[in-house]
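Source file: run-v7.txt; contents: compact mmCIF, C-alpha atoms.
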# COMPACT_ATOMS: atom_id res chain seq x y z
CA MET A 1 43.50 98.84 -32.30
CA ASN A 2 41.82 100.23 -29.25
CA SER A 3 38.38 99.37 -30.50
CA ALA A 4 39.57 95.84 -31.22
CA ILE A 5 40.67 95.44 -27.61
CA ASN A 6 37.36 96.82 -26.45
CA ALA A 7 35.56 94.38 -28.70
CA THR A 8 37.43 91.38 -27.31
CA ASN A 9 36.81 92.65 -23.80
CA ALA A 10 33.14 92.98 -24.60
CA THR A 11 32.88 89.45 -25.93
CA MET A 12 34.87 88.05 -23.01
CA ALA A 13 33.00 90.05 -20.39
CA PRO A 14 31.20 87.79 -17.94
CA VAL A 15 27.44 87.80 -18.24
CA ALA A 16 24.93 88.66 -15.53
CA THR A 17 27.69 89.63 -13.08
CA PRO A 18 25.46 91.83 -10.86
CA TYR A 19 22.99 89.01 -10.32
CA PHE A 20 25.75 86.65 -9.22
CA PHE A 21 27.17 89.32 -6.96
CA TYR A 22 23.87 90.13 -5.29
CA GLY A 23 23.00 86.45 -4.97
CA LEU A 24 26.32 85.54 -3.34
CA ALA A 25 26.30 88.62 -1.11
CA THR A 26 22.76 87.92 0.09
CA LEU A 27 23.63 84.28 0.74
CA ALA A 28 26.75 85.27 2.68
CA ILE A 29 24.98 87.86 4.84
CA VAL A 30 21.86 85.76 5.52
CA SER A 31 23.88 82.73 6.55
CA ALA A 32 26.19 84.94 8.65
CA PHE A 33 23.05 86.14 10.41
CA LEU A 34 22.05 82.52 10.96
CA VAL A 35 25.50 81.80 12.43
CA ILE A 36 25.01 84.30 15.24
CA THR A 37 21.34 83.57 15.94
CA ARG A 38 20.90 79.78 15.86
CA ARG A 39 20.56 78.02 19.19
CA ASN A 40 22.07 74.78 17.92
CA VAL A 41 25.82 75.20 17.48
CA VAL A 42 25.94 72.60 14.68
CA HIS A 43 23.46 74.70 12.69
CA SER A 44 25.70 77.73 13.24
CA ALA A 45 28.69 75.79 11.94
CA LEU A 46 26.80 74.66 8.83
CA ALA A 47 25.61 78.22 8.17
CA LEU A 48 29.20 79.42 8.55
CA ILE A 49 30.27 76.90 5.89
CA VAL A 50 27.67 78.43 3.54
CA THR A 51 29.04 81.90 4.29
CA LEU A 52 32.61 80.78 3.62
CA LEU A 53 31.65 79.16 0.32
CA SER A 54 29.77 82.25 -0.88
CA VAL A 55 32.73 84.44 0.07
CA ALA A 56 34.87 82.06 -2.01
CA GLY A 57 32.46 82.74 -4.88
CA LEU A 58 32.96 86.47 -4.37
CA TYR A 59 36.73 85.90 -4.56
CA LEU A 60 36.21 84.20 -7.91
CA MET A 61 34.24 87.24 -9.07
CA LEU A 62 37.20 89.39 -8.01
CA TYR A 63 39.53 87.34 -10.24
CA ALA A 64 41.32 85.74 -7.29
CA PRO A 65 41.01 81.99 -8.03
CA PHE A 66 43.91 80.99 -5.78
CA VAL A 67 42.50 82.78 -2.75
CA ALA A 68 39.11 81.19 -3.47
CA GLY A 69 40.75 77.76 -3.52
CA VAL A 70 42.60 78.47 -0.27
CA GLN A 71 39.34 79.67 1.26
CA ILE A 72 37.55 76.43 0.38
CA ILE A 73 40.40 74.09 1.32
CA VAL A 74 41.61 75.76 4.52
CA TYR A 75 38.40 77.28 5.89
CA ALA A 76 35.54 75.13 4.68
CA GLY A 77 37.67 71.99 4.62
CA GLY A 78 40.02 72.41 7.58
CA VAL A 79 38.88 74.93 10.14
CA MET A 80 35.21 74.00 9.97
CA VAL A 81 35.96 70.29 10.38
CA LEU A 82 37.97 71.25 13.47
CA PHE A 83 35.00 73.25 14.74
CA LEU A 84 32.58 70.38 14.16
CA PHE A 85 34.91 67.96 15.96
CA VAL A 86 35.12 70.26 18.95
CA ILE A 87 31.33 70.67 18.98
CA MET A 88 31.17 66.89 19.07
CA LEU A 89 33.57 66.80 22.04
CA VAL A 90 31.83 69.40 24.18
CA ASN A 91 28.39 68.87 25.61
CA ILE A 92 25.89 71.02 23.71
CA ASP A 93 22.77 69.69 25.42
CA ARG A 94 23.22 72.08 28.29
CA SER A 95 23.34 75.16 26.09
CA TYR A 96 19.80 74.40 24.88
CA LYS A 97 18.43 75.22 28.28
CA GLU A 98 20.49 78.36 28.71
CA LYS A 99 19.82 81.76 27.24
CA ARG A 100 21.48 82.36 23.91
CA PHE A 101 22.40 85.99 24.34
CA SER A 102 24.14 87.69 27.21
CA GLY A 103 22.22 90.17 29.34
CA LEU A 104 24.08 93.08 27.77
CA TRP A 105 22.96 92.28 24.22
CA PRO A 106 21.18 95.63 23.60
CA ILE A 107 24.42 97.49 24.29
CA GLY A 108 26.38 95.17 22.03
CA LEU A 109 23.81 95.52 19.26
CA ALA A 110 23.81 99.32 19.60
CA ALA A 111 27.61 99.47 19.49
CA ALA A 112 27.71 97.23 16.42
CA SER A 113 25.01 99.29 14.67
CA ALA A 114 27.00 102.44 15.41
CA LEU A 115 30.05 100.75 13.89
CA PHE A 116 28.11 99.81 10.75
CA THR A 117 26.76 103.35 10.43
CA LEU A 118 30.30 104.64 10.76
CA PHE A 119 31.47 102.28 7.99
CA LEU A 120 28.65 103.34 5.68
CA PHE A 121 29.29 107.02 6.43
CA ALA A 122 33.00 106.61 5.65
CA PHE A 123 32.26 104.71 2.43
CA ILE A 124 29.69 107.23 1.20
CA LYS A 125 31.86 110.21 2.13
CA GLY A 126 34.96 108.69 0.57
CA ARG A 127 33.38 107.09 -2.46
CA ALA A 128 35.40 109.39 -4.73
CA LEU A 129 38.50 107.48 -3.58
CA PHE A 130 37.24 104.27 -5.14
CA PRO A 131 37.51 104.28 -8.92
CA ASP A 132 34.46 102.97 -10.74
CA ARG A 133 36.53 100.98 -13.18
CA MET A 134 38.40 98.11 -11.62
CA MET A 135 41.81 97.06 -12.84
CA LEU A 136 41.94 93.81 -14.74
CA LEU A 137 44.08 91.22 -13.06
CA PRO A 138 45.63 88.46 -15.17
CA GLU A 139 43.56 85.51 -14.07
CA SER A 140 45.47 82.73 -15.81
CA SER A 141 48.79 83.44 -14.06
CA ASN A 142 47.29 84.40 -10.70
CA THR A 143 48.70 81.44 -8.75
CA GLN A 144 52.11 81.79 -10.38
CA GLN A 145 52.35 85.47 -9.52
CA ILE A 146 51.32 84.86 -5.90
CA ALA A 147 53.99 82.17 -5.72
CA GLY A 148 56.50 84.69 -7.08
CA LEU A 149 55.65 87.08 -4.26
CA LEU A 150 55.66 84.39 -1.58
CA TYR A 151 58.53 82.11 -2.56
CA GLY A 152 60.62 84.36 -4.77
CA ASP A 153 61.33 84.43 -8.44
CA ALA A 154 64.37 83.21 -10.41
CA GLY A 155 66.50 82.44 -7.35
CA LYS A 156 65.77 85.72 -5.59
CA MET A 157 63.79 86.00 -2.38
CA GLY A 158 60.27 87.23 -2.92
CA GLN A 159 58.85 90.29 -1.27
CA TYR A 160 56.98 88.21 1.29
CA THR A 161 59.30 85.20 1.70
CA PHE A 162 60.45 86.22 5.18
CA ALA A 163 56.87 86.89 6.32
CA PHE A 164 55.92 83.52 4.88
CA GLU A 165 58.54 81.78 7.02
CA ILE A 166 57.32 83.67 10.09
CA ALA A 167 53.80 82.44 9.29
CA SER A 168 55.06 78.86 9.36
CA LEU A 169 56.55 79.57 12.79
CA LEU A 170 53.16 80.91 13.90
CA LEU A 171 51.49 77.70 12.77
CA LEU A 172 54.09 75.65 14.67
CA VAL A 173 53.38 77.64 17.83
CA ALA A 174 49.63 77.12 17.31
CA ILE A 175 50.13 73.36 16.95
CA LEU A 176 52.17 73.28 20.15
CA ALA A 177 49.57 75.38 21.96
CA ALA A 178 46.72 73.13 20.87
CA VAL A 179 48.59 69.98 21.92
CA VAL A 180 49.74 71.37 25.27
CA MET A 181 46.38 72.81 26.24
CA THR A 182 44.30 69.78 25.32
CA LYS A 183 46.70 67.32 26.98
CA LYS A 184 45.44 65.65 30.12
CA ARG A 185 47.38 66.64 33.18
CA ALA A 186 49.30 63.69 34.56
CA MET B 1 21.80 97.86 -13.30
CA VAL B 2 24.74 99.57 -11.62
CA PRO B 3 28.05 97.83 -12.40
CA ILE B 4 29.62 96.19 -9.37
CA SER B 5 32.37 98.39 -7.98
CA THR B 6 34.79 98.10 -5.07
CA LEU B 7 32.27 99.89 -2.90
CA HIS B 8 29.77 97.04 -3.24
CA TYR B 9 32.33 94.55 -1.93
CA LEU B 10 33.28 96.89 0.88
CA ILE B 11 29.67 97.16 2.01
CA VAL B 12 29.25 93.35 1.97
CA ALA B 13 32.47 93.02 3.96
CA ALA B 14 31.30 95.68 6.43
CA ALA B 15 28.02 93.79 6.92
CA LEU B 16 29.88 90.52 7.56
CA PHE B 17 32.27 92.29 9.93
CA VAL B 18 29.43 93.86 11.93
CA LEU B 19 27.55 90.55 12.12
CA GLY B 20 30.75 89.01 13.51
CA VAL B 21 31.06 91.82 16.04
CA VAL B 22 27.44 91.31 17.11
CA GLY B 23 28.15 87.61 17.56
CA VAL B 24 31.23 88.25 19.68
CA LEU B 25 29.47 90.84 21.84
CA THR B 26 26.12 89.17 22.42
CA ARG B 27 26.45 85.38 22.31
CA ARG B 28 27.30 83.40 25.42
CA ASN B 29 28.48 80.21 23.74
CA LEU B 30 32.26 80.19 23.30
CA VAL B 31 32.09 78.09 20.10
CA VAL B 32 29.80 80.64 18.44
CA ILE B 33 32.11 83.46 19.55
CA LEU B 34 35.06 81.74 17.86
CA MET B 35 32.95 81.28 14.72
CA SER B 36 32.10 85.00 14.80
CA ILE B 37 35.81 85.77 14.91
CA GLU B 38 36.16 83.68 11.75
CA LEU B 39 33.42 85.83 10.20
CA ILE B 40 35.34 88.98 11.09
CA LEU B 41 38.56 87.65 9.57
CA ASN B 42 36.66 86.69 6.42
CA ALA B 43 35.29 90.20 6.09
CA VAL B 44 38.84 91.54 6.31
CA ASN B 45 39.94 89.06 3.65
CA LEU B 46 37.14 90.16 1.35
CA ASN B 47 38.19 93.79 1.77
CA LEU B 48 41.81 92.95 0.98
CA VAL B 49 40.94 90.99 -2.15
CA ALA B 50 38.58 93.75 -3.34
CA PHE B 51 41.34 96.33 -2.89
CA SER B 52 43.77 94.02 -4.66
CA ARG B 53 41.38 94.04 -7.63
CA MET B 54 40.98 97.80 -7.37
CA TRP B 55 44.69 98.53 -7.55
CA GLY B 56 45.46 95.78 -10.00
CA ASN B 57 48.24 94.14 -7.97
CA LEU B 58 48.44 91.00 -5.89
CA HIS B 59 49.65 92.28 -2.53
CA GLY B 60 46.13 92.23 -1.09
CA GLN B 61 45.69 88.60 -2.10
CA VAL B 62 49.01 87.65 -0.48
CA PHE B 63 47.91 89.40 2.70
CA SER B 64 44.62 87.55 2.66
CA ILE B 65 46.54 84.25 2.48
CA PHE B 66 48.53 85.31 5.55
CA ILE B 67 45.29 86.14 7.34
CA THR B 68 43.93 82.72 6.41
CA ALA B 69 46.99 81.08 7.99
CA ASP B 70 46.49 83.29 11.03
CA ALA B 71 42.83 82.30 11.27
CA ALA B 72 43.77 78.61 11.17
CA ALA B 73 46.30 79.15 13.98
CA GLU B 74 43.74 81.14 15.96
CA ALA B 75 41.10 78.44 15.55
CA ALA B 76 43.52 75.72 16.72
CA ALA B 77 44.64 77.69 19.78
CA GLY B 78 41.13 78.95 20.61
CA LEU B 79 39.56 75.51 20.39
CA GLY B 80 42.42 74.14 22.52
CA ILE B 81 41.59 76.71 25.18
CA LEU B 82 37.90 75.80 24.84
CA ILE B 83 38.57 72.10 25.41
CA ALA B 84 40.80 72.82 28.39
CA PHE B 85 38.11 75.07 29.84
CA PHE B 86 35.37 72.53 29.19
CA ARG B 87 37.40 69.86 30.95
CA ASN B 88 37.62 72.03 34.06
CA LYS B 89 34.16 73.55 34.21
CA GLU B 90 31.89 71.31 32.09
CA THR B 91 30.47 74.32 30.26
CA VAL B 92 31.23 76.51 27.24
CA ASN B 93 29.35 79.51 28.59
CA VAL B 94 31.56 82.61 28.64
CA ASP B 95 29.64 84.11 31.57
CA GLU B 96 31.20 81.44 33.74
CA ILE B 97 34.75 82.28 32.63
CA ASP B 98 35.28 84.79 35.43
CA LEU B 99 38.35 83.51 37.23
CA LEU B 100 40.34 86.68 36.54
CA LYS B 101 37.42 89.05 36.96
CA TRP B 102 37.65 91.61 39.75

So that I can check it, write out the structure of this file as structure tokens.
Amino acid sequence: MNSAINATNATMAPVATPYFFYGLATLAIVSAFLVITRRNVVHSALALIVTLLSVAGLYLMLYAPFVAGVQIIVYAGGVMVLFLFVIMLVNIDRSYKEKRFSGLWPIGLAAASALFTLFLFAFIKGRALFPDRMMLLPESSNTQQIAGLLYGDAGKMGQYTFAFEIASLLLLVAILAAVVMTKKRA
Amino acid sequence: MVPISTLHYLIVAAALFVLGVVGVLTRRNLVVILMSIELILNAVNLNLVAFSRMWGNLHGQVFSIFITADAAAEAAAGLGILIAFFRNKETVNVDEIDLLKW
């Protein structure tokens, strides 16, 4: 019985997973580096889209297809279009002549490197906390189960239904803020 | 080759987070700073989804959806502030946003 399950797992195991992981991770990090170093803001935005799409690929590797879809639709489709529209509205010609980095960039870089070292130290020290074997999430019912948590199941309120409603309020406030702040003063 | 564990995802997320922090701390263009904040939020999302996989439940994924909604709200409000600022000062350079500086 057990060996049969193992056998089906072995045949259904995805192939060449490490290569996909390292490819997507490299793509994400390299394009994130491009985001913060390019002089042209449009290039930064395009590099950020590449980062977001590779992170969506990593979500797929983590058996989270719904989150990957949300990532592509909301981030790459919505937020980045908003960014590109705003870049179109503001004048980017002037920023070509100005310096890219603030005068305090060595301090910022040092602080960020210290933060990264701290992260790595914590991860290496606490690696025993992370089990080598990951749990298997049911991929086919992923969206349905997230909906059960968000909207509730069988007439009952879900665990996150109230938080979900609060999130809609947050979005309403954000819409109002965007409209009020971009409105021309009469 | 070593099988991919939660730790691998955490290190990728930490790298993305730190790149976002570097962007926020060193760039002078407000649009790039907002994009770096998006990078930071994405790193957090990646962590949450990796932990969701590690524990075998979906709470991390639900949280990452909330953070996505939050990031959309933040982008809308932040870009609204940016446009209002650009209308007043004709620049998106954060060094010139010093009205409340002592």

(request) Select, from B:Leu99, B:Ala14, B:Val49, B:Leu41, the residue with the minimum atom-to-atom distance to Ala71 in chain B, counting only C-alpha atoms. (result) B:Leu41

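Compared by their closest atoms to Tyr151 in chain A, and using all atoms listed in the file, the residues B:Val62, B:Val32, B:Val21, B:Arg87 rank with B:Val62 nearest.
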
(message) Should the cut-off be 6 Å, what would the residue list for chain B against chain A look like, counting only C-alpha atoms, as a count of residues only?
(response) 15

(message) Nearest residue to Gly60 in chain B out of B:Asn45, B:Glu74, B:Phe85, B:Ser36, using only C-alpha atoms?
(response) B:Asn45

(request) Work out how far CA of Ala50 in chain B is from CA of Thr6 in chain B, in Å to one decimal. (result)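 Interatomic distance, CA of Thr6 in chain B to CA of Ala50 in chain B: 6.0 Å.
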
(request) Kindly indicate which residue among B:Leu30, B:Leu48, B:Met35, B:Ile97 lies nearest to Ala47 in chain A, using only C-alpha atoms for the distances. (result)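 Counting only C-alpha atoms, the residue closest to Ala47 in chain A is B:Met35.
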
(message) I'd like the interatomic distance between CA of Phe17 in chain B and CA of Ala43 in chain B, to a tenth of an Å.
(response) 5.3 Å

(request) Could you please determine the separation between CA of Leu79 in chain B and CA of Asn47 in chain B in Å, to one decimal place? (result) 26.1 Å

(message) From the options A:Leu27, A:Phe20, A:His43, A:Ala76, which residue's atoms come nearest to Leu60 in chain A, counting only C-alpha atoms?
(response)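 Answer, going by the shortest atom-to-atom distance: A:Phe20.
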
(request) Tell me which of B:Tyr9, B:Lys101, B:Gly78, B:Val2 sits closest to Arg53 in chain B, counting all atoms listed in the file. (result) B:Tyr9

What box, with edges along x, y and z, holds each listed atom of range 62-81 of chain A when 4 Å is added on every side, and can you state its centre and edge lengths in Å to one decimal, as AutoDock Vina command-line options?
--center_x 39.6 --center_y 79.8 --center_z 0.1 --size_x 16.7 --size_y 27.1 --size_z 28.6
